[in-house]
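Below is the file run18.cif, which contains mmCIF, N, CA and C atoms.
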data_query
#
loop_
_atom_site.label_atom_id
_atom_site.label_comp_id
_atom_site.auth_asym_id
_atom_site.auth_seq_id
_atom_site.Cartn_x
_atom_site.Cartn_y
_atom_site.Cartn_z
N MET A 1 167.34 68.40 3.33
CA MET A 1 167.69 68.02 1.99
C MET A 1 168.63 69.06 1.42
N TRP A 2 169.65 68.58 0.71
CA TRP A 2 170.67 69.44 0.12
C TRP A 2 170.90 69.05 -1.33
N ASP A 3 171.39 70.01 -2.12
CA ASP A 3 171.97 69.68 -3.41
C ASP A 3 173.41 69.28 -3.12
N VAL A 4 173.82 68.12 -3.62
CA VAL A 4 175.14 67.56 -3.33
C VAL A 4 175.86 67.29 -4.64
N ASP A 5 177.16 67.58 -4.65
CA ASP A 5 177.99 67.34 -5.83
C ASP A 5 178.50 65.90 -5.79
N PHE A 6 177.95 65.06 -6.67
CA PHE A 6 178.32 63.64 -6.73
C PHE A 6 179.39 63.34 -7.78
N ARG A 7 180.00 64.38 -8.36
CA ARG A 7 181.02 64.11 -9.38
C ARG A 7 182.15 63.28 -8.80
N GLY A 8 182.74 62.43 -9.65
CA GLY A 8 183.76 61.50 -9.21
C GLY A 8 183.15 60.13 -8.94
N TYR A 9 182.24 59.73 -9.80
CA TYR A 9 181.50 58.48 -9.63
C TYR A 9 182.18 57.33 -10.37
N ILE A 10 181.74 56.12 -10.07
CA ILE A 10 182.19 54.91 -10.77
C ILE A 10 180.95 54.10 -11.14
N GLY A 11 180.90 53.57 -12.35
CA GLY A 11 179.82 52.67 -12.76
C GLY A 11 178.44 53.29 -12.68
N THR A 12 177.55 52.64 -11.93
CA THR A 12 176.15 53.07 -11.86
C THR A 12 175.87 54.02 -10.70
N GLU A 13 176.93 54.51 -10.02
CA GLU A 13 176.72 55.45 -8.93
C GLU A 13 176.08 56.74 -9.45
N ILE A 14 175.35 57.40 -8.58
CA ILE A 14 174.76 58.70 -8.91
C ILE A 14 175.88 59.66 -9.28
N GLN A 15 175.62 60.52 -10.26
CA GLN A 15 176.62 61.48 -10.71
C GLN A 15 176.02 62.89 -10.77
N LYS A 16 176.83 63.88 -10.92
CA LYS A 16 176.53 65.31 -11.05
C LYS A 16 175.94 65.89 -9.77
N ILE A 17 175.54 67.14 -9.82
CA ILE A 17 174.91 67.78 -8.67
C ILE A 17 173.44 67.42 -8.68
N ARG A 18 172.97 66.88 -7.57
CA ARG A 18 171.56 66.49 -7.47
C ARG A 18 171.16 66.52 -6.00
N PRO A 19 169.87 66.52 -5.75
CA PRO A 19 169.42 66.54 -4.35
C PRO A 19 169.71 65.22 -3.63
N ALA A 20 169.89 65.35 -2.33
CA ALA A 20 170.10 64.18 -1.48
C ALA A 20 169.54 64.50 -0.10
N VAL A 21 169.17 63.46 0.60
CA VAL A 21 168.65 63.62 1.96
C VAL A 21 169.68 63.09 2.95
N VAL A 22 169.94 63.88 3.99
CA VAL A 22 170.85 63.46 5.05
C VAL A 22 170.09 62.48 5.95
N VAL A 23 170.67 61.31 6.17
CA VAL A 23 169.98 60.28 6.95
C VAL A 23 170.63 59.97 8.29
N ASN A 24 171.80 60.54 8.57
CA ASN A 24 172.41 60.26 9.87
C ASN A 24 171.76 61.11 10.97
N ILE A 25 171.98 60.70 12.21
CA ILE A 25 171.38 61.39 13.35
C ILE A 25 172.09 62.72 13.63
N ASN A 26 171.35 63.66 14.19
CA ASN A 26 171.89 65.00 14.46
C ASN A 26 172.98 65.00 15.52
N SER A 27 173.00 64.03 16.41
CA SER A 27 173.98 64.04 17.50
C SER A 27 175.42 63.84 17.01
N ILE A 28 175.60 63.45 15.75
CA ILE A 28 176.96 63.32 15.21
C ILE A 28 177.24 64.38 14.14
N LYS A 29 176.48 65.47 14.18
CA LYS A 29 176.67 66.51 13.15
C LYS A 29 177.98 67.27 13.31
N HIS A 30 178.70 67.07 14.42
CA HIS A 30 180.01 67.70 14.58
C HIS A 30 181.04 67.09 13.62
N LEU A 31 180.77 65.91 13.10
CA LEU A 31 181.65 65.28 12.11
C LEU A 31 181.50 66.01 10.78
N LYS A 32 182.53 66.02 9.97
CA LYS A 32 182.51 66.72 8.69
C LYS A 32 182.04 65.82 7.54
N ILE A 33 181.39 64.73 7.89
CA ILE A 33 180.86 63.81 6.89
C ILE A 33 179.41 63.51 7.25
N ARG A 34 178.59 63.34 6.24
CA ARG A 34 177.17 63.03 6.45
C ARG A 34 176.83 61.77 5.67
N LEU A 35 175.92 60.99 6.21
CA LEU A 35 175.40 59.83 5.50
C LEU A 35 174.20 60.33 4.69
N ILE A 36 174.26 60.16 3.39
CA ILE A 36 173.23 60.72 2.51
C ILE A 36 172.64 59.65 1.59
N ALA A 37 171.40 59.90 1.18
CA ALA A 37 170.74 59.07 0.17
C ALA A 37 170.38 59.99 -0.99
N PRO A 38 170.88 59.72 -2.18
CA PRO A 38 170.60 60.58 -3.33
C PRO A 38 169.15 60.49 -3.78
N ILE A 39 168.71 61.56 -4.40
CA ILE A 39 167.35 61.65 -4.93
C ILE A 39 167.43 61.77 -6.44
N THR A 40 166.61 61.01 -7.12
CA THR A 40 166.58 61.01 -8.58
C THR A 40 165.14 61.19 -9.06
N SER A 41 164.96 61.36 -10.35
CA SER A 41 163.61 61.51 -10.91
C SER A 41 162.80 60.23 -10.71
N TRP A 42 161.51 60.40 -10.47
CA TRP A 42 160.62 59.26 -10.29
C TRP A 42 160.42 58.53 -11.60
N ASN A 43 160.35 57.21 -11.52
CA ASN A 43 160.08 56.36 -12.67
C ASN A 43 159.07 55.32 -12.20
N LYS A 44 158.03 55.09 -12.98
CA LYS A 44 156.99 54.14 -12.55
C LYS A 44 157.54 52.74 -12.32
N GLU A 45 158.71 52.44 -12.88
CA GLU A 45 159.34 51.13 -12.64
C GLU A 45 159.80 50.98 -11.19
N TYR A 46 159.86 52.07 -10.44
CA TYR A 46 160.26 52.01 -9.03
C TYR A 46 159.17 51.49 -8.12
N ILE A 47 157.94 51.46 -8.59
CA ILE A 47 156.83 50.99 -7.76
C ILE A 47 157.11 49.56 -7.29
N GLY A 48 157.01 49.34 -5.98
CA GLY A 48 157.24 48.02 -5.41
C GLY A 48 158.69 47.73 -5.05
N LYS A 49 159.60 48.63 -5.38
CA LYS A 49 161.02 48.44 -5.02
C LYS A 49 161.20 48.87 -3.56
N ILE A 50 161.64 47.96 -2.71
CA ILE A 50 161.69 48.25 -1.28
C ILE A 50 162.74 49.31 -0.92
N TRP A 51 163.69 49.57 -1.78
CA TRP A 51 164.75 50.52 -1.49
C TRP A 51 164.46 51.93 -2.01
N ILE A 52 163.35 52.11 -2.70
CA ILE A 52 162.98 53.41 -3.27
C ILE A 52 161.84 54.02 -2.47
N VAL A 53 161.98 55.31 -2.14
CA VAL A 53 160.92 56.04 -1.44
C VAL A 53 160.47 57.19 -2.34
N ASN A 54 159.18 57.20 -2.65
CA ASN A 54 158.59 58.23 -3.51
C ASN A 54 158.41 59.52 -2.72
N ILE A 55 158.80 60.64 -3.34
CA ILE A 55 158.63 61.96 -2.74
C ILE A 55 157.94 62.87 -3.74
N LYS A 56 156.81 63.43 -3.33
CA LYS A 56 156.07 64.38 -4.18
C LYS A 56 156.63 65.79 -3.93
N PRO A 57 156.71 66.62 -4.96
CA PRO A 57 157.24 67.97 -4.78
C PRO A 57 156.28 68.87 -4.01
N ASN A 58 156.86 69.77 -3.22
CA ASN A 58 156.08 70.81 -2.55
C ASN A 58 157.02 71.95 -2.16
N ASP A 59 156.46 73.03 -1.66
CA ASP A 59 157.29 74.18 -1.28
C ASP A 59 158.22 73.87 -0.11
N PHE A 60 157.84 72.95 0.73
CA PHE A 60 158.61 72.59 1.92
C PHE A 60 159.90 71.84 1.56
N ASN A 61 159.81 70.91 0.58
CA ASN A 61 161.00 70.12 0.25
C ASN A 61 161.83 70.71 -0.89
N GLY A 62 161.28 71.66 -1.62
CA GLY A 62 162.05 72.33 -2.67
C GLY A 62 162.20 71.55 -3.96
N LEU A 63 161.57 70.39 -4.06
CA LEU A 63 161.65 69.61 -5.30
C LEU A 63 160.67 70.20 -6.31
N ASN A 64 161.00 70.06 -7.60
CA ASN A 64 160.12 70.59 -8.63
C ASN A 64 159.44 69.51 -9.45
N ARG A 65 159.69 68.24 -9.10
CA ARG A 65 159.01 67.13 -9.77
C ARG A 65 158.99 65.92 -8.84
N GLU A 66 158.12 64.98 -9.16
CA GLU A 66 158.04 63.75 -8.38
C GLU A 66 159.41 63.07 -8.41
N SER A 67 159.86 62.61 -7.26
CA SER A 67 161.23 62.11 -7.14
C SER A 67 161.29 60.81 -6.35
N ALA A 68 162.48 60.22 -6.32
CA ALA A 68 162.70 58.95 -5.64
C ALA A 68 163.99 59.03 -4.82
N VAL A 69 163.90 58.68 -3.54
CA VAL A 69 165.08 58.54 -2.71
C VAL A 69 165.59 57.12 -2.92
N ASP A 70 166.84 57.00 -3.37
CA ASP A 70 167.42 55.69 -3.67
C ASP A 70 168.31 55.25 -2.51
N THR A 71 167.75 54.47 -1.60
CA THR A 71 168.50 54.08 -0.41
C THR A 71 169.58 53.04 -0.71
N MET A 72 169.56 52.43 -1.89
CA MET A 72 170.64 51.50 -2.26
C MET A 72 171.94 52.25 -2.53
N GLN A 73 171.84 53.58 -2.66
CA GLN A 73 173.04 54.36 -2.94
C GLN A 73 173.42 55.27 -1.78
N ILE A 74 173.03 54.88 -0.54
CA ILE A 74 173.47 55.68 0.60
C ILE A 74 174.99 55.64 0.68
N LYS A 75 175.55 56.76 1.09
CA LYS A 75 177.01 56.86 1.15
C LYS A 75 177.40 57.99 2.07
N GLY A 76 178.63 57.95 2.51
CA GLY A 76 179.18 59.06 3.27
C GLY A 76 179.66 60.13 2.31
N ALA A 77 179.39 61.40 2.64
CA ALA A 77 179.83 62.51 1.81
C ALA A 77 180.36 63.62 2.70
N ASP A 78 181.54 64.12 2.38
CA ASP A 78 182.10 65.25 3.10
C ASP A 78 181.20 66.46 2.92
N VAL A 79 181.09 67.29 3.96
CA VAL A 79 180.21 68.46 3.88
C VAL A 79 180.65 69.44 2.80
N GLN A 80 181.89 69.34 2.32
CA GLN A 80 182.35 70.20 1.23
C GLN A 80 181.61 69.89 -0.08
N ARG A 81 181.01 68.72 -0.18
CA ARG A 81 180.22 68.36 -1.37
C ARG A 81 178.83 69.00 -1.36
N PHE A 82 178.41 69.54 -0.22
CA PHE A 82 177.08 70.13 -0.10
C PHE A 82 177.09 71.51 -0.76
N VAL A 83 176.24 71.69 -1.76
CA VAL A 83 176.23 72.92 -2.55
C VAL A 83 175.24 73.93 -1.98
N GLU A 84 174.00 73.51 -1.75
CA GLU A 84 172.97 74.43 -1.31
C GLU A 84 171.85 73.66 -0.61
N LYS A 85 171.32 74.26 0.47
CA LYS A 85 170.18 73.64 1.16
C LYS A 85 168.96 73.79 0.27
N ARG A 86 168.24 72.71 0.07
CA ARG A 86 167.09 72.69 -0.83
C ARG A 86 165.77 72.76 -0.06
N GLY A 87 165.64 71.98 1.00
CA GLY A 87 164.38 71.94 1.73
C GLY A 87 164.44 70.88 2.81
N GLN A 88 163.27 70.43 3.21
CA GLN A 88 163.18 69.46 4.30
C GLN A 88 162.06 68.47 4.02
N LEU A 89 162.26 67.24 4.45
CA LEU A 89 161.23 66.22 4.34
C LEU A 89 160.43 66.14 5.63
N THR A 90 159.26 65.55 5.55
CA THR A 90 158.42 65.38 6.74
C THR A 90 158.95 64.22 7.58
N ALA A 91 158.50 64.16 8.83
CA ALA A 91 158.88 63.05 9.71
C ALA A 91 158.41 61.72 9.13
N THR A 92 157.24 61.70 8.53
CA THR A 92 156.72 60.47 7.91
C THR A 92 157.61 60.03 6.75
N GLN A 93 158.04 60.97 5.92
CA GLN A 93 158.93 60.62 4.81
C GLN A 93 160.27 60.09 5.33
N MET A 94 160.79 60.71 6.39
CA MET A 94 162.04 60.23 6.97
C MET A 94 161.85 58.83 7.56
N ASP A 95 160.70 58.57 8.16
CA ASP A 95 160.40 57.22 8.65
C ASP A 95 160.36 56.22 7.51
N ASP A 96 159.80 56.61 6.37
CA ASP A 96 159.75 55.73 5.19
C ASP A 96 161.17 55.43 4.69
N ILE A 97 162.03 56.44 4.70
CA ILE A 97 163.42 56.25 4.26
C ILE A 97 164.15 55.33 5.23
N THR A 98 163.96 55.54 6.52
CA THR A 98 164.57 54.67 7.53
C THR A 98 164.10 53.23 7.36
N ALA A 99 162.82 53.04 7.10
CA ALA A 99 162.28 51.69 6.88
C ALA A 99 162.88 51.04 5.64
N ALA A 100 163.09 51.83 4.59
CA ALA A 100 163.70 51.29 3.36
C ALA A 100 165.14 50.86 3.63
N ILE A 101 165.88 51.66 4.39
CA ILE A 101 167.25 51.29 4.74
C ILE A 101 167.25 50.02 5.58
N ALA A 102 166.36 49.94 6.56
CA ALA A 102 166.27 48.73 7.39
C ALA A 102 165.94 47.51 6.54
N ALA A 103 165.08 47.68 5.55
CA ALA A 103 164.69 46.55 4.68
C ALA A 103 165.87 46.04 3.86
N ILE A 104 166.69 46.95 3.32
CA ILE A 104 167.78 46.50 2.45
C ILE A 104 168.94 45.88 3.22
N ILE A 105 169.02 46.16 4.52
CA ILE A 105 170.07 45.50 5.31
C ILE A 105 169.50 44.36 6.15
N ASP A 106 168.21 44.07 5.92
CA ASP A 106 167.52 42.98 6.61
C ASP A 106 167.55 43.15 8.13
N TYR A 107 167.39 44.42 8.56
CA TYR A 107 167.33 44.73 9.99
C TYR A 107 165.96 44.38 10.53
N GLN A 108 165.92 43.68 11.64
CA GLN A 108 164.63 43.25 12.20
C GLN A 108 164.37 43.92 13.52
#
Go ahead and express the file in the form of structure tokens.
Amino acid sequence: MWDVDFRGYIGTEIQKIRPAVVVNINSIKHLKIRLIAPITSWNKEYIGKIWIVNIKPNDFNGLNRESAVDTMQIKGADVQRFVEKRGQLTATQMDDITAAIAAIIDYQ
């Protein structure tokens, strides 16, 4: 997980510097672009939304409040947008994010 500079947004896209999780596979890390899913503050209205993954804060992930990975806003981001490494998610959380992405693209 990294803090990423999302400035230069349009409409309802995520904006400003905020945490994001890298979702692409490590075998393509030689590329200077990463596929990321932004993280925003948790809202109880997100319950039941298939594209939102709830993340509780802990010392391992570096979050300071309950948060939501918004997989509807996955995007490619140049590594120059990466400001600072924040932490890491568990394998189970990454599986949940992968499942949310699969659900929104109707992957079977």
For the atom pair atom C of Lys49 in chain A and CA of Ala37 in chain A, what is the interatomic distance in Å to one decimal place? 14.5 Å
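Closest to Asn61 in chain A among A:Phe82, A:Asn43, A:Gln88, A:Arg18 is A:Gln88, based on only C-alpha atoms.
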Of A:Glu45, A:Ala91, A:Arg86, A:Ile55, the one nearest to Pro19 in chain A when counting all atoms listed in the file is A:Arg86
Explicit residues for the PyMOL selection byres (((chain A and resi 103 and name CA) around 12) and name CA) (as a ChimeraX atom specification): /A:49-53,71-72,96-102,104-108
Distance criterion (only C-alpha atoms): nearest to Asp95 in chain A out of A:Ile17, A:Ile36, A:Val83, A:Val23: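 Closest candidate: A:Val23.
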Run DSSP on the backbone and tell me which residues of chain A come out as helix (DSSP H, G or I); list them as a ChimeraX atom specification. /A:26-28,44-46,71-73,79-81,91-104
Spell out the residues picked by the PyMOL selection byres ((chain A and resi 75) around 6.5) here, as JSON, numbers by chain. {"A": [34, 35, 36, 37, 38, 73, 74, 76, 77]}
Can you list every residue in range 7-96 of chain A that DSSP puts in strand (DSSP E), as number ranges by chain? A: 17-22, 33-41, 52-55, 67-70, 75-78, 82-85
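Summary of the local environment: counting all atoms listed in the file, residues at most 8 Å from Ser41 in chain A, other than itself and those fewer than 3 positions away along its chain, are Pro38, Lys44, Arg65, Glu66, Ser67, Ala68 and Val69 of chain A.
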Interatomic distance (Å, one decimal) between CA of Leu89 in chain A and atom N of Ser27 in chain A: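 Separation between CA of Leu89 in chain A and atom N of Ser27 in chain A: 17.0 Å.
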Gap from CA of Arg7 in chain A to CA of Gln93 in chain A - Å, one decimal: 26.5 Å
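Look at everything within 12 Å of (171.8, 78.9, -1.5) using only C-alpha atoms, and the residues you get are Trp2, Asp3, Val4, Gly62, Phe82, Val83, Glu84, Lys85, Arg86 and Gly87 of chain A.
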Please evaluate the PyMOL selection byres (((chain A and resi 78 and name CA) around 6) and name CA) against the displayed coordinates and give the resulting residues as a list in words.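 That expression, the PyMOL selection byres (((chain A and resi 78 and name CA) around 6) and name CA), corresponds here to Lys32, Ile33, Ala77, Val79, Gln80 and Arg81 of chain A.
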For each of A:Val22, A:Asp70, A:Leu31, A:Gly11, take the minimum atom-to-atom distance to Asn54 in chain A, counting only N, CA and C atoms, then give the residue where this is smallest.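 Checking each candidate against Asn54 in chain A, we get A:Asp70 as the closest.
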Using the block above, I'd like range 56-101 of chain A written out, keeping N, CA and C atoms and formatting it as a tab-separated table (two decimals), in the first residue's frame.
chain	number	residue	atom	x	y	z
A	56	LYS	N	-9.76	-2.67	8.08
A	56	LYS	CA	-9.62	-2.14	9.44
A	56	LYS	C	-8.17	-1.68	9.64
A	57	PRO	N	-7.95	-0.60	10.37
A	57	PRO	CA	-6.58	-0.11	10.57
A	57	PRO	C	-5.79	-1.01	11.51
A	58	ASN	N	-4.49	-1.11	11.24
A	58	ASN	CA	-3.57	-1.79	12.14
A	58	ASN	C	-2.15	-1.31	11.85
A	59	ASP	N	-1.20	-1.74	12.65
A	59	ASP	CA	0.18	-1.31	12.46
A	59	ASP	C	0.78	-1.83	11.16
A	60	PHE	N	0.30	-2.96	10.69
A	60	PHE	CA	0.82	-3.59	9.48
A	60	PHE	C	0.44	-2.81	8.22
A	61	ASN	N	-0.82	-2.31	8.15
A	61	ASN	CA	-1.24	-1.61	6.93
A	61	ASN	C	-1.03	-0.10	7.00
A	62	GLY	N	-0.77	0.45	8.17
A	62	GLY	CA	-0.47	1.87	8.28
A	62	GLY	C	-1.68	2.79	8.21
A	63	LEU	N	-2.87	2.24	8.15
A	63	LEU	CA	-4.07	3.07	8.14
A	63	LEU	C	-4.38	3.53	9.56
A	64	ASN	N	-5.00	4.70	9.68
A	64	ASN	CA	-5.34	5.20	11.02
A	64	ASN	C	-6.83	5.22	11.29
A	65	ARG	N	-7.62	4.75	10.32
A	65	ARG	CA	-9.07	4.64	10.53
A	65	ARG	C	-9.63	3.57	9.60
A	66	GLU	N	-10.83	3.12	9.92
A	66	GLU	CA	-11.50	2.14	9.07
A	66	GLU	C	-11.63	2.72	7.66
A	67	SER	N	-11.32	1.91	6.66
A	67	SER	CA	-11.23	2.41	5.29
A	67	SER	C	-11.91	1.47	4.31
A	68	ALA	N	-12.00	1.92	3.06
A	68	ALA	CA	-12.65	1.17	1.99
A	68	ALA	C	-11.79	1.21	0.74
A	69	VAL	N	-11.49	0.04	0.18
A	69	VAL	CA	-10.84	-0.04	-1.12
A	69	VAL	C	-11.94	0.04	-2.16
A	70	ASP	N	-11.86	1.03	-3.04
A	70	ASP	CA	-12.89	1.25	-4.06
A	70	ASP	C	-12.41	0.67	-5.39
A	71	THR	N	-12.80	-0.56	-5.67
A	71	THR	CA	-12.32	-1.22	-6.89
A	71	THR	C	-12.97	-0.68	-8.16
A	72	MET	N	-14.03	0.11	-8.03
A	72	MET	CA	-14.62	0.74	-9.22
A	72	MET	C	-13.72	1.85	-9.76
A	73	GLN	N	-12.73	2.24	-8.97
A	73	GLN	CA	-11.84	3.31	-9.41
A	73	GLN	C	-10.42	2.80	-9.65
A	74	ILE	N	-10.28	1.50	-9.98
A	74	ILE	CA	-8.94	1.02	-10.32
A	74	ILE	C	-8.45	1.75	-11.56
A	75	LYS	N	-7.15	2.02	-11.58
A	75	LYS	CA	-6.58	2.76	-12.69
A	75	LYS	C	-5.08	2.52	-12.75
A	76	GLY	N	-4.52	2.81	-13.88
A	76	GLY	CA	-3.07	2.77	-14.02
A	76	GLY	C	-2.49	4.08	-13.51
A	77	ALA	N	-1.39	3.99	-12.77
A	77	ALA	CA	-0.73	5.19	-12.26
A	77	ALA	C	0.78	5.04	-12.42
A	78	ASP	N	1.41	6.05	-12.98
A	78	ASP	CA	2.86	6.06	-13.10
A	78	ASP	C	3.48	6.03	-11.71
A	79	VAL	N	4.62	5.35	-11.57
A	79	VAL	CA	5.26	5.25	-10.26
A	79	VAL	C	5.69	6.61	-9.72
A	80	GLN	N	5.78	7.63	-10.57
A	80	GLN	CA	6.11	8.97	-10.10
A	80	GLN	C	5.01	9.55	-9.22
A	81	ARG	N	3.81	9.01	-9.31
A	81	ARG	CA	2.70	9.47	-8.46
A	81	ARG	C	2.79	8.88	-7.04
A	82	PHE	N	3.63	7.88	-6.84
A	82	PHE	CA	3.75	7.23	-5.54
A	82	PHE	C	4.58	8.12	-4.61
A	83	VAL	N	3.98	8.52	-3.50
A	83	VAL	CA	4.60	9.47	-2.58
A	83	VAL	C	5.39	8.74	-1.49
A	84	GLU	N	4.75	7.79	-0.82
A	84	GLU	CA	5.39	7.12	0.31
A	84	GLU	C	4.73	5.76	0.55
A	85	LYS	N	5.57	4.76	0.87
A	85	LYS	CA	5.02	3.45	1.22
A	85	LYS	C	4.33	3.55	2.56
A	86	ARG	N	3.12	3.05	2.64
A	86	ARG	CA	2.31	3.16	3.86
A	86	ARG	C	2.31	1.86	4.65
A	87	GLY	N	2.13	0.73	3.99
A	87	GLY	CA	2.03	-0.54	4.69
A	87	GLY	C	1.69	-1.65	3.72
A	88	GLN	N	1.14	-2.71	4.27
A	88	GLN	CA	0.83	-3.89	3.46
A	88	GLN	C	-0.47	-4.52	3.94
A	89	LEU	N	-1.21	-5.07	2.99
A	89	LEU	CA	-2.44	-5.79	3.33
A	89	LEU	C	-2.14	-7.28	3.45
A	90	THR	N	-3.04	-8.00	4.10
A	90	THR	CA	-2.89	-9.44	4.24
A	90	THR	C	-3.27	-10.14	2.94
A	91	ALA	N	-2.87	-11.40	2.82
A	91	ALA	CA	-3.25	-12.19	1.64
A	91	ALA	C	-4.76	-12.32	1.54
A	92	THR	N	-5.44	-12.46	2.66
A	92	THR	CA	-6.91	-12.55	2.66
A	92	THR	C	-7.53	-11.26	2.15
A	93	GLN	N	-7.02	-10.12	2.59
A	93	GLN	CA	-7.54	-8.84	2.10
A	93	GLN	C	-7.30	-8.69	0.60
A	94	MET	N	-6.13	-9.10	0.13
A	94	MET	CA	-5.85	-9.03	-1.30
A	94	MET	C	-6.77	-9.96	-2.08
A	95	ASP	N	-7.08	-11.13	-1.51
A	95	ASP	CA	-8.05	-12.03	-2.15
A	95	ASP	C	-9.42	-11.39	-2.22
A	96	ASP	N	-9.82	-10.67	-1.18
A	96	ASP	CA	-11.11	-9.97	-1.17
A	96	ASP	C	-11.14	-8.89	-2.25
A	97	ILE	N	-10.04	-8.17	-2.42
A	97	ILE	CA	-9.95	-7.13	-3.45
A	97	ILE	C	-10.02	-7.76	-4.84
A	98	THR	N	-9.30	-8.85	-5.03
A	98	THR	CA	-9.33	-9.57	-6.31
A	98	THR	C	-10.75	-10.05	-6.63
A	99	ALA	N	-11.44	-10.56	-5.62
A	99	ALA	CA	-12.82	-11.03	-5.81
A	99	ALA	C	-13.75	-9.87	-6.17
A	100	ALA	N	-13.53	-8.71	-5.56
A	100	ALA	CA	-14.36	-7.54	-5.88
A	100	ALA	C	-14.13	-7.10	-7.32
A	101	ILE	N	-12.88	-7.11	-7.76
A	101	ILE	CA	-12.58	-6.75	-9.15
A	101	ILE	C	-13.22	-7.76	-10.10
